[in-house]
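Q: I'm passing along data_30.cif; it holds mmCIF, C-alpha atoms and all ligand atoms.
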data_target
#
loop_
_atom_site.label_atom_id
_atom_site.label_comp_id
_atom_site.auth_asym_id
_atom_site.auth_seq_id
_atom_site.Cartn_x
_atom_site.Cartn_y
_atom_site.Cartn_z
CA MET A 1 24.52 -3.69 28.37
CA GLN A 2 26.28 -6.71 29.80
CA ASN A 3 26.91 -8.84 26.77
CA SER A 4 29.91 -8.17 24.64
CA GLU A 5 28.28 -9.56 21.51
CA PHE A 6 25.62 -6.87 21.62
CA ARG A 7 28.33 -4.24 21.70
CA ILE A 8 30.10 -5.50 18.60
CA ARG A 9 29.46 -3.18 15.71
CA SER A 10 28.58 -5.21 12.66
CA GLY A 11 28.93 -2.16 10.37
CA ALA A 12 32.36 -3.07 9.08
CA ILE A 13 31.24 -6.43 7.72
CA LEU A 14 27.55 -5.98 7.13
CA HIS A 15 27.28 -2.27 6.31
CA SER A 16 24.81 -1.59 9.08
CA GLU A 17 24.18 1.72 10.76
CA PHE A 18 24.63 1.24 14.47
CA CYS A 19 23.28 3.50 17.19
CA ILE A 20 22.05 3.50 20.75
CA LEU A 21 18.70 5.25 20.93
CA HIS A 22 17.63 6.93 24.15
CA SER A 23 14.17 7.88 25.31
CA ALA A 24 12.97 8.84 28.78
CA GLY A 25 16.03 7.35 30.43
CA LEU A 26 15.71 4.06 28.50
CA ALA A 27 17.94 2.72 25.73
CA VAL A 28 17.68 0.34 22.79
CA ILE A 29 20.53 -0.69 20.51
CA TRP A 30 19.50 -0.31 16.92
CA GLU A 31 21.16 -1.61 13.76
CA SER A 32 19.72 -0.70 10.34
CA PHE A 33 20.64 -2.76 7.30
CA PRO A 34 20.35 -1.89 3.62
CA THR A 35 18.94 -5.31 2.73
CA TYR A 36 17.00 -8.19 4.21
CA ASP A 37 19.96 -10.48 3.45
CA ALA A 38 22.32 -8.36 5.53
CA LEU A 39 19.82 -8.30 8.40
CA SER A 40 19.47 -12.09 8.22
CA ALA A 41 23.24 -12.57 8.22
CA ARG A 42 23.56 -10.45 11.36
CA ALA A 43 20.68 -12.28 13.09
CA ALA A 44 22.26 -15.64 12.23
CA GLN A 45 25.61 -14.42 13.56
CA LEU A 46 23.97 -13.50 16.89
CA PHE A 47 22.14 -16.85 17.00
CA LEU A 48 25.25 -18.93 16.27
CA THR A 49 27.43 -16.95 18.68
CA ALA A 50 24.87 -17.45 21.46
CA ILE A 51 24.72 -21.23 21.03
CA ARG A 52 28.50 -21.46 20.74
CA GLU A 53 29.08 -19.41 23.89
CA GLN A 54 26.39 -21.22 25.88
CA PRO A 55 25.70 -24.65 24.36
CA ASN A 56 22.76 -25.32 26.72
CA ILE A 57 21.10 -21.92 26.22
CA ALA A 58 17.29 -21.69 26.18
CA LEU A 59 16.23 -19.72 23.11
CA GLY A 60 12.89 -18.03 22.48
CA LEU A 61 12.11 -18.53 18.79
CA PRO A 62 9.78 -16.72 16.38
CA THR A 63 7.88 -17.84 13.32
CA GLY A 64 6.74 -15.81 10.30
CA ARG A 65 8.51 -14.73 7.13
CA THR A 66 11.03 -12.37 8.72
CA PRO A 67 13.21 -14.97 10.52
CA LEU A 68 13.39 -17.30 7.48
CA GLY A 69 16.72 -15.87 6.27
CA MET A 70 18.19 -16.26 9.74
CA TYR A 71 17.08 -19.90 10.02
CA GLU A 72 18.40 -20.65 6.52
CA ARG A 73 21.85 -19.39 7.49
CA VAL A 74 21.85 -21.16 10.85
CA VAL A 75 20.94 -24.44 9.11
CA ALA A 76 23.65 -23.92 6.47
CA GLU A 77 26.27 -23.30 9.14
CA CYS A 78 25.14 -26.17 11.38
CA SER A 79 25.10 -28.70 8.57
CA ARG A 80 28.87 -28.09 8.40
CA GLN A 81 29.43 -28.58 12.16
CA TYR A 82 26.67 -30.90 13.13
CA HIS A 83 26.86 -30.54 16.91
CA CYS A 84 25.58 -26.96 17.04
CA PHE A 85 22.31 -27.80 18.77
CA ARG A 86 23.13 -30.84 20.89
CA ASP A 87 22.19 -29.23 24.25
CA VAL A 88 20.23 -26.22 23.03
CA VAL A 89 16.71 -25.81 24.41
CA THR A 90 14.07 -23.93 22.42
CA PHE A 91 10.73 -22.37 23.28
CA ASN A 92 8.55 -21.03 20.50
CA LEU A 93 6.72 -17.81 21.12
CA ASP A 94 3.30 -18.98 20.07
CA GLU A 95 1.05 -21.53 18.36
CA TYR A 96 -2.45 -21.51 16.90
CA ALA A 97 -5.19 -22.92 19.12
CA GLY A 98 -7.44 -25.71 17.89
CA ILE A 99 -4.94 -27.34 15.53
CA SER A 100 -2.44 -30.08 16.23
CA CYS A 101 1.31 -30.13 15.69
CA GLU A 102 0.76 -32.21 12.51
CA HIS A 103 -1.47 -29.57 10.88
CA PRO A 104 0.39 -28.08 7.86
CA GLY A 105 -0.38 -24.54 9.07
CA SER A 106 0.86 -25.06 12.64
CA TYR A 107 3.98 -23.33 13.89
CA CYS A 108 5.11 -26.78 14.98
CA THR A 109 5.17 -27.87 11.32
CA PHE A 110 6.80 -24.56 10.37
CA MET A 111 9.64 -25.03 12.87
CA LYS A 112 10.35 -28.58 11.75
CA ARG A 113 10.47 -27.43 8.13
CA VAL A 114 12.75 -24.42 8.63
CA LEU A 115 14.99 -25.57 11.49
CA PHE A 116 14.41 -28.63 13.67
CA ASP A 117 14.50 -31.24 10.88
CA HIS A 118 17.89 -29.96 9.69
CA VAL A 119 19.93 -29.67 12.90
CA ASP A 120 20.92 -31.99 15.75
CA VAL A 121 18.46 -30.51 18.25
CA ASP A 122 17.02 -33.08 20.66
CA PRO A 123 13.24 -33.11 19.98
CA ARG A 124 12.71 -33.36 23.77
CA ASN A 125 14.38 -29.95 24.06
CA THR A 126 12.09 -28.22 21.55
CA HIS A 127 9.01 -26.69 23.13
CA ILE A 128 5.97 -25.34 21.33
CA PRO A 129 2.61 -24.83 23.05
CA ASP A 130 0.18 -27.63 22.18
CA GLY A 131 -2.69 -25.87 20.41
CA ALA A 132 -4.71 -29.10 20.48
CA ALA A 133 -4.50 -29.58 24.27
CA GLY A 134 -7.84 -30.41 25.90
CA ASP A 135 -7.31 -27.77 28.57
CA LEU A 136 -5.61 -24.81 26.94
CA ASP A 137 -5.26 -22.81 30.16
CA ALA A 138 -3.49 -25.73 31.82
CA GLU A 139 -1.26 -25.99 28.74
CA CYS A 140 -0.30 -22.31 29.14
CA ALA A 141 0.56 -22.82 32.81
CA ARG A 142 2.60 -25.92 31.91
CA TYR A 143 4.50 -23.92 29.25
CA GLU A 144 5.40 -21.16 31.72
CA GLY A 145 6.53 -23.87 34.16
CA ASP A 146 8.75 -25.46 31.50
CA ILE A 147 10.43 -22.10 30.79
CA THR A 148 11.05 -21.61 34.50
CA ALA A 149 12.39 -25.17 34.82
CA ALA A 150 14.86 -24.38 32.00
CA ALA A 151 16.11 -21.45 34.13
CA GLY A 152 14.43 -18.90 31.86
CA LEU A 153 15.12 -17.74 28.32
CA GLY A 154 18.69 -16.67 27.61
CA LEU A 155 18.05 -15.07 24.24
CA THR A 156 14.75 -14.46 22.47
CA PHE A 157 14.30 -13.51 18.83
CA LEU A 158 11.11 -11.68 17.89
CA GLY A 159 9.35 -10.64 14.73
CA LEU A 160 7.14 -7.55 14.54
CA GLY A 161 3.49 -7.44 13.51
CA SER A 162 2.49 -4.45 11.37
CA ASN A 163 0.26 -3.29 14.27
CA GLY A 164 3.22 -3.64 16.64
CA HIS A 165 2.32 -7.07 18.01
CA ILE A 166 5.08 -9.30 19.36
CA ALA A 167 4.40 -13.04 19.42
CA PHE A 168 0.56 -12.88 19.43
CA ASN A 169 0.32 -10.07 21.97
CA GLU A 170 -2.00 -7.61 20.28
CA PRO A 171 -2.28 -3.88 21.08
CA GLY A 172 -3.65 -3.32 24.59
CA THR A 173 -1.91 -6.36 26.11
CA PRO A 174 -0.61 -5.64 29.64
CA TRP A 175 3.16 -5.78 29.86
CA THR A 176 2.86 -8.08 32.88
CA SER A 177 1.01 -10.72 30.81
CA ARG A 178 2.15 -14.36 30.86
CA THR A 179 1.55 -17.29 28.50
CA ARG A 180 -2.19 -17.49 27.78
CA VAL A 181 -4.90 -18.01 25.18
CA VAL A 182 -5.66 -14.95 23.05
CA GLU A 183 -8.14 -14.03 20.34
CA LEU A 184 -6.42 -12.94 17.12
CA THR A 185 -7.36 -9.67 15.45
CA ALA A 186 -8.76 -9.69 11.91
CA SER A 187 -5.59 -7.98 10.63
CA THR A 188 -3.29 -10.59 12.19
CA ARG A 189 -5.41 -13.43 10.80
CA ALA A 190 -5.32 -11.82 7.34
CA ALA A 191 -1.53 -11.32 7.56
CA ASN A 192 -1.06 -15.02 8.36
CA ALA A 193 -3.56 -16.40 5.82
CA ALA A 194 -0.80 -17.83 3.60
CA LEU A 195 -0.23 -20.66 6.12
CA PHE A 196 -3.86 -21.76 5.69
CA PRO A 197 -4.58 -21.90 1.94
CA GLY A 198 -8.29 -22.41 1.29
CA GLN A 199 -9.02 -22.62 5.03
CA GLU A 200 -10.03 -20.35 7.86
CA VAL A 201 -7.12 -19.01 9.90
CA PRO A 202 -7.67 -20.10 13.53
CA THR A 203 -9.38 -17.44 15.64
CA HIS A 204 -7.31 -18.07 18.78
CA ALA A 205 -3.74 -18.82 19.72
CA ILE A 206 -1.51 -19.57 22.69
CA THR A 207 1.18 -16.94 23.13
CA MET A 208 3.96 -16.16 25.56
CA GLY A 209 2.97 -12.99 27.37
CA ILE A 210 4.86 -9.72 27.14
CA GLY A 211 6.02 -10.31 30.73
CA THR A 212 7.30 -13.76 29.73
CA ILE A 213 9.24 -12.23 26.83
CA LEU A 214 10.63 -9.36 28.93
CA ASP A 215 12.03 -11.94 31.37
CA SER A 216 14.37 -13.18 28.64
CA LYS A 217 17.94 -12.17 29.43
CA ARG A 218 18.51 -10.74 25.95
CA ILE A 219 16.08 -9.89 23.14
CA VAL A 220 16.67 -9.36 19.42
CA LEU A 221 13.78 -8.02 17.35
CA LEU A 222 13.86 -8.44 13.56
CA ALA A 223 11.77 -6.15 11.36
CA SER A 224 12.04 -5.83 7.62
CA GLY A 225 10.20 -4.43 4.63
CA GLU A 226 7.70 -1.87 3.51
CA ARG A 227 4.80 -3.51 5.39
CA LYS A 228 6.67 -2.92 8.64
CA ARG A 229 7.90 0.62 7.95
CA GLU A 230 5.25 2.38 10.04
CA ALA A 231 5.67 -0.03 12.96
CA ILE A 232 9.47 0.31 12.78
CA GLU A 233 9.21 4.12 12.88
CA ARG A 234 6.79 3.95 15.79
CA LEU A 235 9.12 1.66 17.72
CA ARG A 236 12.06 3.89 16.90
CA SER A 237 10.24 6.97 18.23
CA GLY A 238 10.68 5.61 21.76
CA VAL A 239 7.11 6.26 22.90
CA SER A 240 6.22 3.42 25.28
CA THR A 241 2.53 2.49 25.40
CA GLU A 242 0.50 -0.69 25.85
CA GLY A 243 -1.28 0.34 22.64
CA PHE A 244 1.90 -0.66 20.80
CA PRO A 245 3.21 -3.95 22.26
CA ALA A 246 6.72 -3.80 20.77
CA SER A 247 7.40 -0.59 22.68
CA ALA A 248 7.60 -2.72 25.85
CA LEU A 249 11.09 -3.60 24.61
CA TRP A 250 12.25 -0.13 25.56
CA THR A 251 11.96 -1.21 29.19
CA HIS A 252 14.33 -4.15 28.64
CA GLU A 253 17.99 -3.83 29.58
CA GLU A 254 19.49 -5.77 26.70
CA CYS A 255 17.40 -5.30 23.61
CA LEU A 256 18.76 -5.07 20.10
CA VAL A 257 16.60 -4.16 17.12
CA LEU A 258 17.69 -5.18 13.61
CA SER A 259 15.76 -3.39 10.86
CA SER A 260 15.99 -3.17 7.08
C1 LIG B 301 2.81 -13.69 13.45
C2 LIG B 301 3.62 -14.29 14.57
C3 LIG B 301 4.56 -13.27 15.12
C4 LIG B 301 5.38 -12.67 13.98
C5 LIG B 301 4.46 -11.93 13.06
C6 LIG B 301 5.17 -11.26 11.90
O1 LIG B 301 1.75 -12.94 13.90
N1 LIG B 301 2.82 -14.79 15.61
O2 LIG B 301 5.41 -13.89 16.08
O3 LIG B 301 6.33 -11.78 14.50
O4 LIG B 301 3.55 -12.90 12.54
O5 LIG B 301 5.32 -12.15 10.85
P1 LIG B 301 6.10 -11.86 9.53
O6 LIG B 301 7.54 -11.97 9.89
O7 LIG B 301 5.67 -12.94 8.59
O8 LIG B 301 5.74 -10.51 9.06
#
For this file, write the structure as structure tokens.

A:
Amino acid sequence: MQNSEFRIRSGAILHSEFCILHSAGLAVIWESFPTYDALSARAAQLFLTAIREQPNIALGLPTGRTPLGMYERVVAECSRQYHCFRDVVTFNLDEYAGISCEHPGSYCTFMKRVLFDHVDVDPRNTHIPDGAAGDLDAECARYEGDITAAAGLGLTFLGLGSNGHIAFNEPGTPWTSRTRVVELTASTRAANAALFPGQEVPTHAITMGIGTILDSKRIVLLASGERKREAIERLRSGVSTEGFPASALWTHEECLVLSS
């Protein structure tokens, strides 16, 4: 573990349980929190420290309900010191295919609502795959190229699907996968139905691959709540299998899991 921030025990301030888990010669740092609020405070602390220490960092950013508390705190902090995001570059993990940025259910709309509209990020530095691109495969290749041109992701935050998916990489995804178009499972579409009231959830999406995510220098996974309990336990068990995408994180050198 190279980065000092990952070694800082948050227990004293945030009442977390901190441990380094080992399995088959691999290690993951794990912090468990009693509440979702405490988890969000820790995630926001990691986020803000990263952009303070490296103002031009490229961040991998998640959507979903889990990171909302983190974004809320980051926005609150950055409205006090407005220059937080001046040179920060962001890459979202995924986007639905077949809908445009302006669609109310798009992750593009989501990101503007929860973060981009409230901080001084340069819109040219925010990257989200274009789900409405005419040639989706070319769009995926372009996205990978943009990440490479930004010198790779410095820190990526992830949520956890209840079937263990990360971004939109469903069970069975090869760990070498790159950004590509995927078909969503029925369970993932059902879990995300709230973004599409009265409408069909898109059947496909563009997602960073597991290989793309693993190339990030540091990774922080956030997982909270009863719906995630089984997936959290499975991740914690340390069994690495392509049948459970999040377990790929065990192969990463600087991965921190925050659970509550
Ligand atoms: C979606 C997103 C994932 C996210 C997952 C969990 O499938 N594509 O990136 O991690 O939902 O979402 P939630 O945090 O709402 O449970």

Q: Do you know which residues are at most 10 Å from Asp215 (chain A) counting all atoms listed in the file, after dropping those on the same chain fewer than 6 positions away, and could you put them as a PDB file with C-alpha atoms, keeping the file's coordinate frame?

A:
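Writing the result to part.pdb gives the following:
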ATOM      1  CA  GLY A 152      14.430 -18.900  31.860  1.00  0.00           C
ATOM      2  CA  LEU A 153      15.120 -17.740  28.320  1.00  0.00           C
ATOM      3  CA  GLY A 154      18.690 -16.670  27.610  1.00  0.00           C
ATOM      4  CA  LEU A 155      18.050 -15.070  24.240  1.00  0.00           C
ATOM      5  CA  THR A 156      14.750 -14.460  22.470  1.00  0.00           C
ATOM      6  CA  GLY A 209       2.970 -12.990  27.370  1.00  0.00           C
ATOM      7  CA  HIS A 252      14.330  -4.150  28.640  1.00  0.00           C
TER       8      HIS A 252
END

Q: Could you give me, as a PDB file with C-alpha atoms, in the coordinates of the input, the residues within 6 Å of region 89-100 of chain A, counting all atoms listed in the file and dropping anything in the same chain fewer than 4 positions from it?

A:
ATOM      1  CA  ALA A  58      17.290 -21.690  26.180  1.00  0.00           C
ATOM      2  CA  LEU A  59      16.230 -19.720  23.110  1.00  0.00           C
ATOM      3  CA  GLY A  60      12.890 -18.030  22.480  1.00  0.00           C
ATOM      4  CA  LEU A  61      12.110 -18.530  18.790  1.00  0.00           C
ATOM      5  CA  PRO A  62       9.780 -16.720  16.380  1.00  0.00           C
ATOM      6  CA  TYR A 107       3.980 -23.330  13.890  1.00  0.00           C
ATOM      7  CA  ASN A 125      14.380 -29.950  24.060  1.00  0.00           C
ATOM      8  CA  THR A 126      12.090 -28.220  21.550  1.00  0.00           C
ATOM      9  CA  HIS A 127       9.010 -26.690  23.130  1.00  0.00           C
ATOM     10  CA  ILE A 128       5.970 -25.340  21.330  1.00  0.00           C
ATOM     11  CA  PRO A 129       2.610 -24.830  23.050  1.00  0.00           C
ATOM     12  CA  GLY A 131      -2.690 -25.870  20.410  1.00  0.00           C
ATOM     13  CA  ALA A 132      -4.710 -29.100  20.480  1.00  0.00           C
ATOM     14  CA  ALA A 167       4.400 -13.040  19.420  1.00  0.00           C
ATOM     15  CA  HIS A 204      -7.310 -18.070  18.780  1.00  0.00           C
ATOM     16  CA  ALA A 205      -3.740 -18.820  19.720  1.00  0.00           C
ATOM     17  CA  ILE A 206      -1.510 -19.570  22.690  1.00  0.00           C
ATOM     18  CA  THR A 207       1.180 -16.940  23.130  1.00  0.00           C
ATOM     19  CA  MET A 208       3.960 -16.160  25.560  1.00  0.00           C
TER      20      MET A 208
END

Q: Which neighbours of region 72-82 of chain A fall inside 12 Å, counting all atoms listed in the file, when residues of the same chain fewer than 5 positions from it are skipped, and could you give them as a ChimeraX atom specification?

A: /A:37-52,65-67,111-121

Q: In Å, how far is it from CA of Arg218 (chain A) to CA of Ile57 (chain A)?

A: 11.5 Å

Q: Separation of CA of Ser224 (chain A) and CA of Gly211 (chain A), in Å?

A: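 It comes out at 24.3 Å.
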
Q: One decimal, in Å: what's the spacing between CA of Gly198 (chain A) and CA of Val181 (chain A)?

A: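 Separation between CA of Gly198 (chain A) and CA of Val181 (chain A): 24.5 Å.
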
Q: Pick the closest to ligand LIG 301 (chain B) from A:Glu139, A:Glu53, A:Asp122, A:Glu183: which is it, counting all atoms listed in the file?

A: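 Looking only at the distances to ligand LIG 301 (chain B), the closest residue turns out to be A:Glu183.
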
Q: Restricting the calculation to only C-alpha atoms and all ligand atoms, which member of A:Ser237, A:Thr63, A:Thr251, A:Ser187 is positioned closest to ligand LIG 301 (chain B)?

A: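 When distances to ligand LIG 301 (chain B) are compared using only C-alpha atoms and all ligand atoms, the smallest one comes from A:Thr63.
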
Q: Find the residues around Glu233 (chain A) up to 12 Å (only C-alpha atoms counted), leave out those fewer than 6 positions away in its own chain, and share them as a PyMOL selection string.

A: chain A and resi 30+32+160+162-164+223-227+239+244+246-247+257+259-260

Q: Counting only C-alpha atoms, what is within 8 Å of Ile166 (chain A), bar same-chain residues fewer than 4 positions away, as a list of chain:residue names?

A: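 Those residues are A:Leu158, A:Gly159, A:Leu160, A:Gly161, A:Glu170, A:Ile210, A:Pro245, A:Ala246.
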
Q: Under the rule that only C-alpha atoms are counted, which of A:Pro34, A:His165, A:Ala133, A:Thr173 is the nearest residue to Thr188 (chain A)?

A: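 Ranked by minimum distance to Thr188 (chain A), first place goes to A:His165.
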
Q: Between A:Asp137, A:Lys217, A:Phe18, A:Arg236, which one has atoms that come closest to Ala151 (chain A), using all atoms listed in the file?

A: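 The shortest atom-to-atom distance to Ala151 (chain A) comes from A:Lys217.
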